[in-house]
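To be precise, the following lines are structure-v6.csv, and they hold CSV, C-alpha atoms and all ligand atoms.
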```csv
chain,number,residue,atom,x,y,z
J,1,MET,CA,67.6,160.7,172.1
J,2,ASP,CA,67.7,159.9,175.7
J,3,GLN,CA,68.5,163.5,176.5
J,4,ALA,CA,66.1,165.0,174.0
J,5,ASP,CA,63.4,165.7,176.5
J,6,THR,CA,65.7,167.6,178.9
J,7,VAL,CA,63.7,170.3,180.6
J,8,ARG,CA,64.7,173.8,179.4
J,9,THR,CA,63.7,177.1,180.8
J,10,PRO,CA,62.3,179.6,178.3
J,11,ALA,CA,65.4,181.8,178.8
J,12,SER,CA,67.9,179.1,177.8
J,13,TRP,CA,69.7,179.0,174.5
J,14,VAL,CA,71.8,176.6,172.5
J,15,VAL,CA,74.6,176.4,169.9
J,16,VAL,CA,74.9,173.9,167.1
J,17,GLY,CA,78.1,172.1,166.3
J,18,LEU,CA,78.7,170.9,162.7
J,19,ASP,CA,81.7,168.7,161.8
J,20,ASN,CA,82.4,168.6,158.0
J,21,GLY,CA,84.3,165.5,156.8
J,22,GLY,CA,85.2,164.0,153.4
J,23,THR,CA,82.1,161.9,153.2
J,24,CYS,CA,79.8,162.9,156.1
J,25,ASN,CA,78.8,165.8,158.3
J,26,ASN,CA,78.2,165.1,162.0
J,27,ALA,CA,75.9,167.4,164.0
J,28,THR,CA,75.3,168.1,167.7
J,29,VAL,CA,73.5,170.6,169.9
J,30,LEU,CA,75.0,172.1,173.1
J,31,ASP,CA,72.8,174.1,175.5
J,32,ALA,CA,73.9,177.1,177.5
J,33,THR,CA,74.5,175.0,180.6
J,34,GLY,CA,77.1,172.9,178.8
J,35,GLN,CA,74.9,169.8,178.2
J,36,PHE,CA,75.0,168.0,174.8
J,37,LEU,CA,71.4,167.2,173.7
J,38,VAL,CA,72.7,164.5,171.3
J,39,SER,CA,74.4,161.4,172.7
J,40,HIS,CA,75.1,159.5,169.5
J,41,LEU,CA,76.5,160.1,166.0
J,42,VAL,CA,74.1,161.9,163.7
J,43,GLU,CA,75.4,162.1,160.1
J,44,ASN,CA,74.3,163.2,156.7
J,45,PRO,CA,76.3,163.1,153.4
J,46,SER,CA,78.8,166.1,153.1
J,47,ARG,CA,79.0,166.1,149.3
J,48,VAL,CA,82.2,168.1,149.4
J,49,LEU,CA,83.2,166.4,146.1
J,50,ASP,CA,80.3,168.1,144.4
J,51,GLY,CA,81.8,171.5,145.2
J,52,PRO,CA,81.2,174.3,147.8
J,53,GLU,CA,77.6,175.1,146.9
J,54,SER,CA,76.4,171.5,147.5
J,55,ALA,CA,78.5,171.2,150.6
J,56,VAL,CA,77.1,174.4,152.2
J,57,GLU,CA,73.6,173.1,151.4
J,58,GLN,CA,74.4,169.8,153.1
J,59,LEU,CA,75.7,171.6,156.2
J,60,ALA,CA,72.5,173.7,156.3
J,61,ALA,CA,70.5,170.4,156.0
J,62,ALA,CA,72.6,169.0,158.9
J,63,PHE,CA,71.7,172.1,161.0
J,64,THR,CA,68.0,171.8,160.3
J,65,GLY,CA,68.0,168.1,160.8
J,66,ILE,CA,69.7,168.2,164.2
J,67,LEU,CA,67.2,170.9,165.5
J,68,GLU,CA,64.3,168.7,164.4
J,69,LEU,CA,65.8,165.6,166.0
J,70,THR,CA,66.3,167.4,169.3
J,71,SER,CA,63.0,169.4,169.1
J,72,THR,CA,65.0,172.6,169.4
J,73,PRO,CA,63.3,175.8,168.1
J,74,HIS,CA,65.4,177.7,165.6
J,75,SER,CA,64.9,180.9,167.7
J,76,LEU,CA,67.0,179.3,170.6
J,77,VAL,CA,70.2,179.0,168.5
J,78,ARG,CA,72.7,181.7,169.2
J,79,ALA,CA,75.6,180.5,167.1
J,80,VAL,CA,77.0,177.6,165.1
J,81,GLY,CA,80.4,176.0,165.5
J,82,LEU,CA,81.9,174.6,162.3
J,83,ASP,CA,85.0,172.5,161.8
J,84,THR,CA,86.5,171.0,158.6
J,85,PRO,CA,89.8,169.3,157.8
J,86,GLY,CA,92.6,171.8,157.1
J,87,PRO,CA,94.5,173.5,155.8
J,88,ALA,CA,92.4,176.6,156.2
J,89,SER,CA,92.8,180.0,157.7
J,90,ALA,CA,91.8,180.6,161.3
J,91,HIS,CA,88.6,182.1,159.9
J,92,GLY,CA,87.7,179.1,157.7
J,93,VAL,CA,89.0,180.1,154.3
J,94,ILE,CA,90.2,176.9,152.6
J,95,SER,CA,93.9,177.0,151.5
J,96,SER,CA,94.5,178.7,148.1
J,97,LYS,CA,96.4,175.5,147.2
J,98,GLY,CA,93.3,173.4,148.1
J,99,ALA,CA,93.3,170.5,150.6
J,100,THR,CA,92.9,166.8,150.6
J,101,ASN,CA,89.1,167.0,150.9
J,102,PHE,CA,88.8,170.2,148.9
J,103,ASN,CA,90.9,169.6,145.8
J,104,GLN,CA,88.5,171.0,143.1
J,105,VAL,CA,89.5,174.5,142.0
J,106,SER,CA,86.1,175.9,143.2
J,107,TRP,CA,87.2,175.1,146.7
J,108,HIS,CA,90.6,177.0,146.5
J,109,GLY,CA,90.4,180.0,148.7
J,110,PHE,CA,86.7,179.3,149.5
J,111,ASP,CA,85.4,181.0,152.6
J,112,ILE,CA,83.3,178.1,154.0
J,113,ARG,CA,82.7,179.8,157.3
J,114,GLY,CA,81.4,183.0,155.7
J,115,ALA,CA,79.3,181.0,153.2
J,116,LEU,CA,77.6,179.0,155.9
J,117,GLU,CA,77.1,182.2,158.0
J,118,ALA,CA,75.3,183.9,155.1
J,119,ARG,CA,73.2,180.7,154.4
J,120,LEU,CA,72.1,180.3,158.0
J,121,GLY,CA,71.9,183.9,159.1
J,122,LEU,CA,73.7,183.0,162.4
J,123,PRO,CA,77.3,183.7,163.6
J,124,VAL,CA,79.5,180.8,162.6
J,125,ILE,CA,82.7,180.1,164.6
J,126,TYR,CA,85.3,178.1,162.7
J,127,ASN,CA,88.1,175.7,163.8
J,128,ASN,CA,90.0,173.0,161.9
J,129,ASP,CA,89.0,169.5,162.8
J,130,ALA,CA,92.1,168.8,164.9
J,131,ASN,CA,91.7,172.0,166.9
J,132,ALA,CA,88.0,171.1,167.5
J,133,ALA,CA,88.9,167.6,168.7
J,134,ALA,CA,91.6,169.1,170.9
J,135,LEU,CA,89.1,171.6,172.4
J,136,TYR,CA,86.6,168.8,173.1
J,137,ALA,CA,89.2,166.6,174.7
J,138,HIS,CA,90.3,169.4,176.9
J,139,HIS,CA,86.8,170.4,178.1
J,140,ARG,CA,85.7,166.8,178.5
J,141,HIS,CA,88.8,166.0,180.6
J,142,PHE,CA,88.9,169.1,182.8
J,143,GLY,CA,85.1,169.9,183.0
J,144,THR,CA,84.5,172.9,185.2
J,145,ALA,CA,88.3,173.5,185.6
J,146,ALA,CA,88.8,173.7,181.8
J,147,LEU,CA,89.3,177.5,181.7
J,148,GLU,CA,92.2,177.2,184.1
J,149,LYS,CA,94.0,174.3,182.4
J,150,SER,CA,96.3,173.8,179.4
J,151,SER,CA,96.7,170.8,177.1
J,152,VAL,CA,98.4,169.6,173.9
J,153,SER,CA,96.7,167.1,171.6
J,154,ALA,CA,98.1,164.9,168.8
J,155,ILE,CA,95.5,163.4,166.5
J,156,VAL,CA,96.9,160.6,164.3
J,157,GLY,CA,95.0,160.2,161.1
J,158,THR,CA,95.8,160.5,157.4
J,159,GLY,CA,98.1,163.3,158.6
J,160,LEU,CA,98.9,164.3,162.2
J,161,GLY,CA,96.6,167.0,163.5
J,162,GLY,CA,97.2,168.9,166.6
J,163,GLY,CA,95.8,171.4,169.0
J,164,VAL,CA,97.3,173.6,171.7
J,165,VAL,CA,94.8,174.8,174.3
J,166,GLU,CA,95.7,177.4,176.9
J,167,ASN,CA,93.2,178.4,179.7
J,168,GLY,CA,90.5,176.5,177.8
J,169,LYS,CA,91.1,178.3,174.5
J,170,VAL,CA,92.7,177.1,171.3
J,171,ILE,CA,95.9,178.9,170.4
J,172,ARG,CA,95.4,180.2,166.8
J,173,GLY,CA,98.6,182.1,166.1
J,174,ALA,CA,99.1,185.2,163.9
J,175,ALA,CA,98.3,183.4,160.6
J,176,GLY,CA,96.0,180.8,162.1
J,177,MET,CA,98.7,178.1,161.9
J,178,ALA,CA,99.5,177.5,165.6
J,179,GLY,CA,99.1,173.9,166.7
J,180,GLU,CA,100.2,172.4,163.3
J,181,LEU,CA,102.1,169.9,165.4
J,182,GLY,CA,102.5,167.4,162.5
J,183,HIS,CA,105.1,169.7,160.9
J,184,VAL,CA,107.3,170.1,164.0
J,185,GLN,CA,110.6,168.6,163.2
J,186,ILE,CA,111.8,166.2,165.9
J,187,PRO,CA,115.2,164.7,166.9
J,188,LEU,CA,115.2,161.3,165.2
J,189,HIS,CA,117.7,159.7,167.6
J,190,GLY,CA,115.9,156.9,169.4
J,191,VAL,CA,113.1,156.9,166.8
J,192,LEU,CA,114.7,155.6,163.6
J,193,GLU,CA,116.8,152.4,163.2
J,194,ASP,CA,120.4,152.6,162.1
J,195,GLY,CA,120.4,152.9,158.3
J,196,GLN,CA,116.7,153.7,158.1
J,197,PRO,CA,116.1,156.5,155.5
J,198,VAL,CA,115.0,159.8,157.0
J,199,PRO,CA,111.2,160.1,156.5
J,200,VAL,CA,109.9,162.9,154.3
J,201,CYS,CA,106.6,164.7,154.8
J,202,ASN,CA,104.2,165.9,152.1
J,203,CYS,CA,104.9,169.4,153.3
J,204,GLY,CA,108.5,169.0,152.2
J,205,PHE,CA,110.1,168.8,155.7
J,206,GLU,CA,112.3,165.9,156.6
J,207,GLY,CA,111.8,164.1,159.8
J,208,ASP,CA,108.7,166.0,161.1
J,209,VAL,CA,106.2,164.2,163.3
J,210,GLU,CA,103.7,163.6,160.5
J,211,SER,CA,106.3,161.9,158.3
J,212,ILE,CA,106.3,159.2,160.9
J,213,ALA,CA,103.1,159.4,163.0
J,214,SER,CA,100.4,159.3,160.3
J,215,LEU,CA,98.8,156.9,157.9
J,216,THR,CA,100.6,158.8,155.1
J,217,GLY,CA,103.9,158.3,157.0
J,218,ILE,CA,103.2,154.6,157.3
J,219,LYS,CA,102.5,154.3,153.5
J,220,LYS,CA,105.3,156.5,152.3
J,221,ASN,CA,108.1,155.9,154.8
J,222,LEU,CA,107.7,153.3,157.6
J,223,LEU,CA,106.1,150.4,155.8
J,224,PRO,CA,108.4,150.4,152.7
J,225,TYR,CA,111.4,150.4,155.1
J,226,TRP,CA,110.0,147.7,157.5
J,227,LEU,CA,109.0,145.4,154.6
J,228,THR,CA,112.7,145.3,153.7
J,229,ARG,CA,113.3,143.9,157.2
J,230,PHE,CA,110.4,141.5,157.0
J,231,PRO,CA,110.4,140.5,153.3
J,232,ASP,CA,108.1,137.4,153.9
J,233,HIS,CA,105.4,139.4,155.8
J,234,PRO,CA,101.9,138.9,154.3
J,235,LEU,CA,101.5,142.6,153.9
J,236,ALA,CA,104.4,142.5,151.3
J,237,ALA,CA,101.9,141.0,148.9
J,238,GLU,CA,99.3,143.8,149.3
J,239,PRO,CA,99.3,147.2,147.5
J,240,VAL,CA,100.9,149.7,149.9
J,241,ASP,CA,97.7,151.8,150.4
J,242,LYS,CA,95.8,148.7,151.5
J,243,ALA,CA,98.7,147.3,153.5
J,244,ALA,CA,99.0,150.6,155.5
J,245,LYS,CA,95.3,150.5,156.4
J,246,MET,CA,95.6,146.8,157.4
J,247,LEU,CA,98.5,147.4,159.7
J,248,ARG,CA,96.6,148.3,162.8
J,249,GLY,CA,94.8,144.9,162.7
J,250,PHE,CA,98.2,143.3,162.7
J,251,GLY,CA,99.3,145.5,165.6
J,252,GLU,CA,96.4,144.4,167.7
J,253,LYS,CA,97.7,140.8,167.2
J,254,ASP,CA,101.2,141.8,168.3
J,255,ASP,CA,102.7,141.2,164.9
J,256,PRO,CA,106.4,142.2,165.1
J,257,LEU,CA,106.5,144.3,161.9
J,258,ALA,CA,103.3,146.2,163.0
J,259,VAL,CA,104.7,146.6,166.6
J,260,ALA,CA,107.9,148.1,165.1
J,261,VAL,CA,106.0,150.6,163.0
J,262,PHE,CA,103.6,151.7,165.8
J,263,SER,CA,106.4,151.9,168.3
J,264,GLN,CA,108.2,154.3,166.0
J,265,GLN,CA,105.0,156.4,165.7
J,266,ALA,CA,104.6,156.4,169.5
J,267,ARG,CA,108.3,157.4,170.1
J,268,ALA,CA,107.9,160.2,167.5
J,269,ILE,CA,104.9,161.6,169.4
J,270,GLY,CA,106.9,161.3,172.6
J,271,LYS,CA,109.6,163.5,171.1
J,272,LEU,CA,106.9,166.0,170.1
J,273,PHE,CA,105.4,166.0,173.6
J,274,THR,CA,108.9,166.5,175.0
J,275,ILE,CA,109.2,169.7,172.9
J,276,ALA,CA,105.7,170.7,174.1
J,277,ALA,CA,106.8,170.1,177.7
J,278,ASN,CA,109.5,172.7,177.2
J,279,PHE,CA,107.2,175.1,175.4
J,280,THR,CA,103.9,175.4,177.2
J,281,ASP,CA,104.4,172.7,179.9
J,282,PRO,CA,100.7,171.6,179.7
J,283,ASP,CA,98.5,170.0,182.3
J,284,ALA,CA,97.6,167.2,179.9
J,285,TYR,CA,98.8,165.5,176.8
J,286,PHE,CA,96.0,164.0,174.7
J,287,LEU,CA,96.3,161.4,172.0
J,288,GLY,CA,93.6,160.7,169.4
J,289,GLY,CA,92.9,159.3,166.0
J,290,GLY,CA,92.6,155.8,164.6
J,291,VAL,CA,94.6,154.4,167.5
J,292,VAL,CA,91.9,155.3,169.9
J,293,GLU,CA,89.5,153.1,168.0
J,294,ALA,CA,91.9,150.1,168.3
J,295,ALA,CA,91.5,147.2,170.7
J,296,PRO,CA,92.0,148.4,174.3
J,297,HIS,CA,95.2,146.5,175.0
J,298,PHE,CA,96.7,148.0,171.9
J,299,ARG,CA,95.7,151.6,172.5
J,300,GLN,CA,96.9,151.4,176.1
J,301,TRP,CA,100.3,150.0,174.9
J,302,PHE,CA,100.5,152.9,172.4
J,303,LEU,CA,99.7,155.5,175.0
J,304,ASN,CA,102.2,154.0,177.5
J,305,THR,CA,104.9,154.0,174.8
J,306,VAL,CA,104.1,157.7,174.1
J,307,ARG,CA,104.4,158.4,177.8
J,308,GLU,CA,107.6,156.5,178.2
J,309,SER,CA,109.1,158.4,175.3
J,310,THR,CA,108.1,161.8,176.6
J,311,GLN,CA,110.9,163.2,178.8
J,312,LEU,CA,109.4,165.2,181.6
J,313,ARG,CA,111.1,166.7,184.6
J,314,ASP,CA,110.0,165.2,187.9
J,315,GLU,CA,107.9,168.2,188.7
J,316,GLN,CA,106.1,168.0,185.3
J,317,ALA,CA,105.7,164.2,185.6
J,318,HIS,CA,103.8,164.8,188.8
J,319,ALA,CA,101.6,167.5,187.4
J,320,ALA,CA,100.8,166.2,184.0
J,321,THR,CA,98.3,163.6,182.7
J,322,PHE,CA,98.3,161.5,179.5
J,323,ALA,CA,95.0,160.4,178.1
J,324,LEU,CA,93.2,159.3,175.0
J,325,VAL,CA,90.7,161.7,173.2
J,326,PRO,CA,87.3,160.3,174.0
J,327,ASP,CA,84.3,159.9,171.6
J,328,LEU,CA,86.5,160.5,168.6
J,329,ASP,CA,83.7,160.2,166.0
J,330,MET,CA,81.8,163.0,167.8
J,331,ALA,CA,84.8,165.0,169.0
J,332,GLY,CA,84.9,167.4,166.0
J,333,ALA,CA,81.2,168.4,166.2
J,334,ARG,CA,81.3,168.6,170.0
J,335,GLY,CA,84.5,170.7,170.0
J,336,ALA,CA,83.1,173.0,167.3
J,337,ALA,CA,80.0,173.4,169.6
J,338,VAL,CA,82.2,174.2,172.6
J,339,ALA,CA,84.0,176.9,170.7
J,340,ALA,CA,80.7,178.4,169.6
J,341,LEU,CA,79.3,178.3,173.2
J,342,ASP,CA,82.5,180.0,174.4
J,343,ALA,CA,82.3,182.7,171.8
J,344,VAL,CA,78.7,183.5,172.7
J,345,ALA,CA,79.3,183.3,176.5
J,346,GLY,CA,82.5,185.4,176.1
J,347,GLY,CA,80.6,188.0,174.0
J,348,SER,CA,77.9,188.4,176.6
J,349,ARG,CA,80.2,188.8,179.6
Q,401,ZN,ZN,105.2,168.1,157.4
```

Mind turning this structure into structure tokens?
Ligand SMILES: [Zn+2]
Amino acid sequence: MDQADTVRTPASWVVVGLDNGGTCNNATVLDATGQFLVSHLVENPSRVLDGPESAVEQLAAAFTGILELTSTPHSLVRAVGLDTPGPASAHGVISSKGATNFNQVSWHGFDIRGALEARLGLPVIYNNDANAAALYAHHRHFGTAALEKSSVSAIVGTGLGGGVVENGKVIRGAAGMAGELGHVQIPLHGVLEDGQPVPVCNCGFEGDVESIASLTGIKKNLLPYWLTRFPDHPLAAEPVDKAAKMLRGFGEKDDPLAVAVFSQQARAIGKLFTIAANFTDPDAYFLGGGVVEAAPHFRQWFLNTVRESTQLRDEQAHAATFALVPDLDMAGARGAAVAALDAVAGGSR
């Protein structure tokens, strides 16, 4: 609200960013000069469980609501950025097999980008949520130098989302599947304990990053193993779903089991970043997800462990930065808006 009365010239224009999640949409407005007109989280229910029609209406409501909140005339909006959880195509068609948030049959193969574009009558630019967060982290970190810089982001959540940004733009790939860093298989030496079973991912791969560095990885792989090493741990008495979610609280209190689990996650991400160092040699490595919301000493320890586990050459170590993704609850909507702004600005060059 504090920025709502920013003075705008009549010639200025804006884009809207809409972040679609399992329970809520989050909306923002970004003006042509790169200023966000919303400084806090603005949410409405996403109703994705009611099917695509309701969900598109809720996104349209989020769009109207954020324009009202910022006193922005509809006529100033040039484009809308949209992000959703994956998997979806580069153009916002939900996977034909469905997805965690979109598991009803009516969602399978649904073109959410096209549907919102038709509903709003404005161009809609799509990114998956991890790519949007990666894009925001990149632009926020590098500011005016963003278009000359590269970065790799790992976002630890239910799964492990990623984003590869080169010269300020998300790398999409031929099939829209670039940056699926969770499913990169990593060397497990230095990550797993002797005798620890090789973790398996929901995608079918063994020993990929997500099988270790995600909430699902904790639940399916890491916690069941570590509870055999700490049989008297209080989490052994909890259902595994609940125990997995409680683990971060234990980590913040330096509980040995939790430290062992999160240390494995950090080392797995370090192995991933080592691969990235030899692939795109980025200017920055960003880390986001639940861990960013943890207590400061804990998230700093986690980031340091990732950094120590990333093997860089001396030249790279001097050139590269490691940082946490800021404003994570708004990163999706803001990244979606950055992509829309870039699409409009690029088109008018
Ligand atoms: Zn996988």

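Here the question is which of J:Gly207, J:Pro239, J:Gly21, J:Pro73 gets nearest to ligand ZN 401 (chain Q) using only C-alpha atoms and all ligand atoms, and that residue is J:Gly207.
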
Any chance you could tabulate, as JSON lines, the residues of chain J at most 7 Å from ligand ZN 401 (chain Q) with each one's nearest atom pair and distance in Å to one decimal, using all atoms listed in the file, in chain and rising number order?
```
{"residue": "J:Gly182", "atom": "CA", "partner": "Q:ZN401", "partner_atom": "ZN", "distance": 5.8}
{"residue": "J:His183", "atom": "CA", "partner": "Q:ZN401", "partner_atom": "ZN", "distance": 3.8}
{"residue": "J:Cys201", "atom": "CA", "partner": "Q:ZN401", "partner_atom": "ZN", "distance": 4.5}
{"residue": "J:Asn202", "atom": "CA", "partner": "Q:ZN401", "partner_atom": "ZN", "distance": 5.8}
{"residue": "J:Cys203", "atom": "CA", "partner": "Q:ZN401", "partner_atom": "ZN", "distance": 4.3}
{"residue": "J:Gly204", "atom": "CA", "partner": "Q:ZN401", "partner_atom": "ZN", "distance": 6.2}
{"residue": "J:Phe205", "atom": "CA", "partner": "Q:ZN401", "partner_atom": "ZN", "distance": 5.2}
{"residue": "J:Asp208", "atom": "CA", "partner": "Q:ZN401", "partner_atom": "ZN", "distance": 5.5}
{"residue": "J:Glu210", "atom": "CA", "partner": "Q:ZN401", "partner_atom": "ZN", "distance": 5.7}
{"residue": "J:Ser211", "atom": "CA", "partner": "Q:ZN401", "partner_atom": "ZN", "distance": 6.4}
```

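Considering only C-alpha atoms, the residue among J:Gly270, J:Gly179, J:Pro45, J:Pro187 positioned nearest to Val306 (chain J) is J:Gly270.
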
(request) Could you check how far CA of Ala32 (chain J) sits from CA of Ser12 (chain J), in Å to one decimal? (result) 6.3 Å

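Distances from J:Gly217, J:Gly168, J:Gly121, J:Gly163 to Val200 (chain J) were compared using all atoms listed in the file, and the smallest one belongs to J:Gly217.
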
(message) Please return as a list in words every residue within 12 Å of (74.9, 182.0, 156.9), taking into account all atoms listed in the file and the file's own coordinates.
(response) Val56, Glu57, Leu59, Ala60, Phe63, Ala79, Val80, Gly81, Leu82, Asp111, Ile112, Arg113, Gly114, Ala115, Leu116, Glu117, Ala118, Arg119, Leu120, Gly121, Leu122, Pro123, Val124 and Ile125 of chain J

Go ahead and save the residues from that selection, with C-alpha atoms, as a PDB file, keeping the file's coordinate frame.
```
ATOM      1  CA  VAL J  56      77.100 174.400 152.200  1.00  0.00           C
ATOM      2  CA  GLU J  57      73.600 173.100 151.400  1.00  0.00           C
ATOM      3  CA  LEU J  59      75.700 171.600 156.200  1.00  0.00           C
ATOM      4  CA  ALA J  60      72.500 173.700 156.300  1.00  0.00           C
ATOM      5  CA  PHE J  63      71.700 172.100 161.000  1.00  0.00           C
ATOM      6  CA  ALA J  79      75.600 180.500 167.100  1.00  0.00           C
ATOM      7  CA  VAL J  80      77.000 177.600 165.100  1.00  0.00           C
ATOM      8  CA  GLY J  81      80.400 176.000 165.500  1.00  0.00           C
ATOM      9  CA  LEU J  82      81.900 174.600 162.300  1.00  0.00           C
ATOM     10  CA  ASP J 111      85.400 181.000 152.600  1.00  0.00           C
ATOM     11  CA  ILE J 112      83.300 178.100 154.000  1.00  0.00           C
ATOM     12  CA  ARG J 113      82.700 179.800 157.300  1.00  0.00           C
ATOM     13  CA  GLY J 114      81.400 183.000 155.700  1.00  0.00           C
ATOM     14  CA  ALA J 115      79.300 181.000 153.200  1.00  0.00           C
ATOM     15  CA  LEU J 116      77.600 179.000 155.900  1.00  0.00           C
ATOM     16  CA  GLU J 117      77.100 182.200 158.000  1.00  0.00           C
ATOM     17  CA  ALA J 118      75.300 183.900 155.100  1.00  0.00           C
ATOM     18  CA  ARG J 119      73.200 180.700 154.400  1.00  0.00           C
ATOM     19  CA  LEU J 120      72.100 180.300 158.000  1.00  0.00           C
ATOM     20  CA  GLY J 121      71.900 183.900 159.100  1.00  0.00           C
ATOM     21  CA  LEU J 122      73.700 183.000 162.400  1.00  0.00           C
ATOM     22  CA  PRO J 123      77.300 183.700 163.600  1.00  0.00           C
ATOM     23  CA  VAL J 124      79.500 180.800 162.600  1.00  0.00           C
ATOM     24  CA  ILE J 125      82.700 180.100 164.600  1.00  0.00           C
TER      25      ILE J 125
END
```

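Near (84.5, 168.2, 143.5), the residues that fall inside 12 Å on the basis of all atoms listed in the file are Gly22, Thr23, Ser46, Arg47, Val48, Leu49, Asp50, Gly51, Pro52, Glu53, Ser54, Ala55, Gly98, Ala99, Thr100, Asn101, Phe102, Asn103, Gln104, Val105, Ser106, Trp107 and His108 of chain J.
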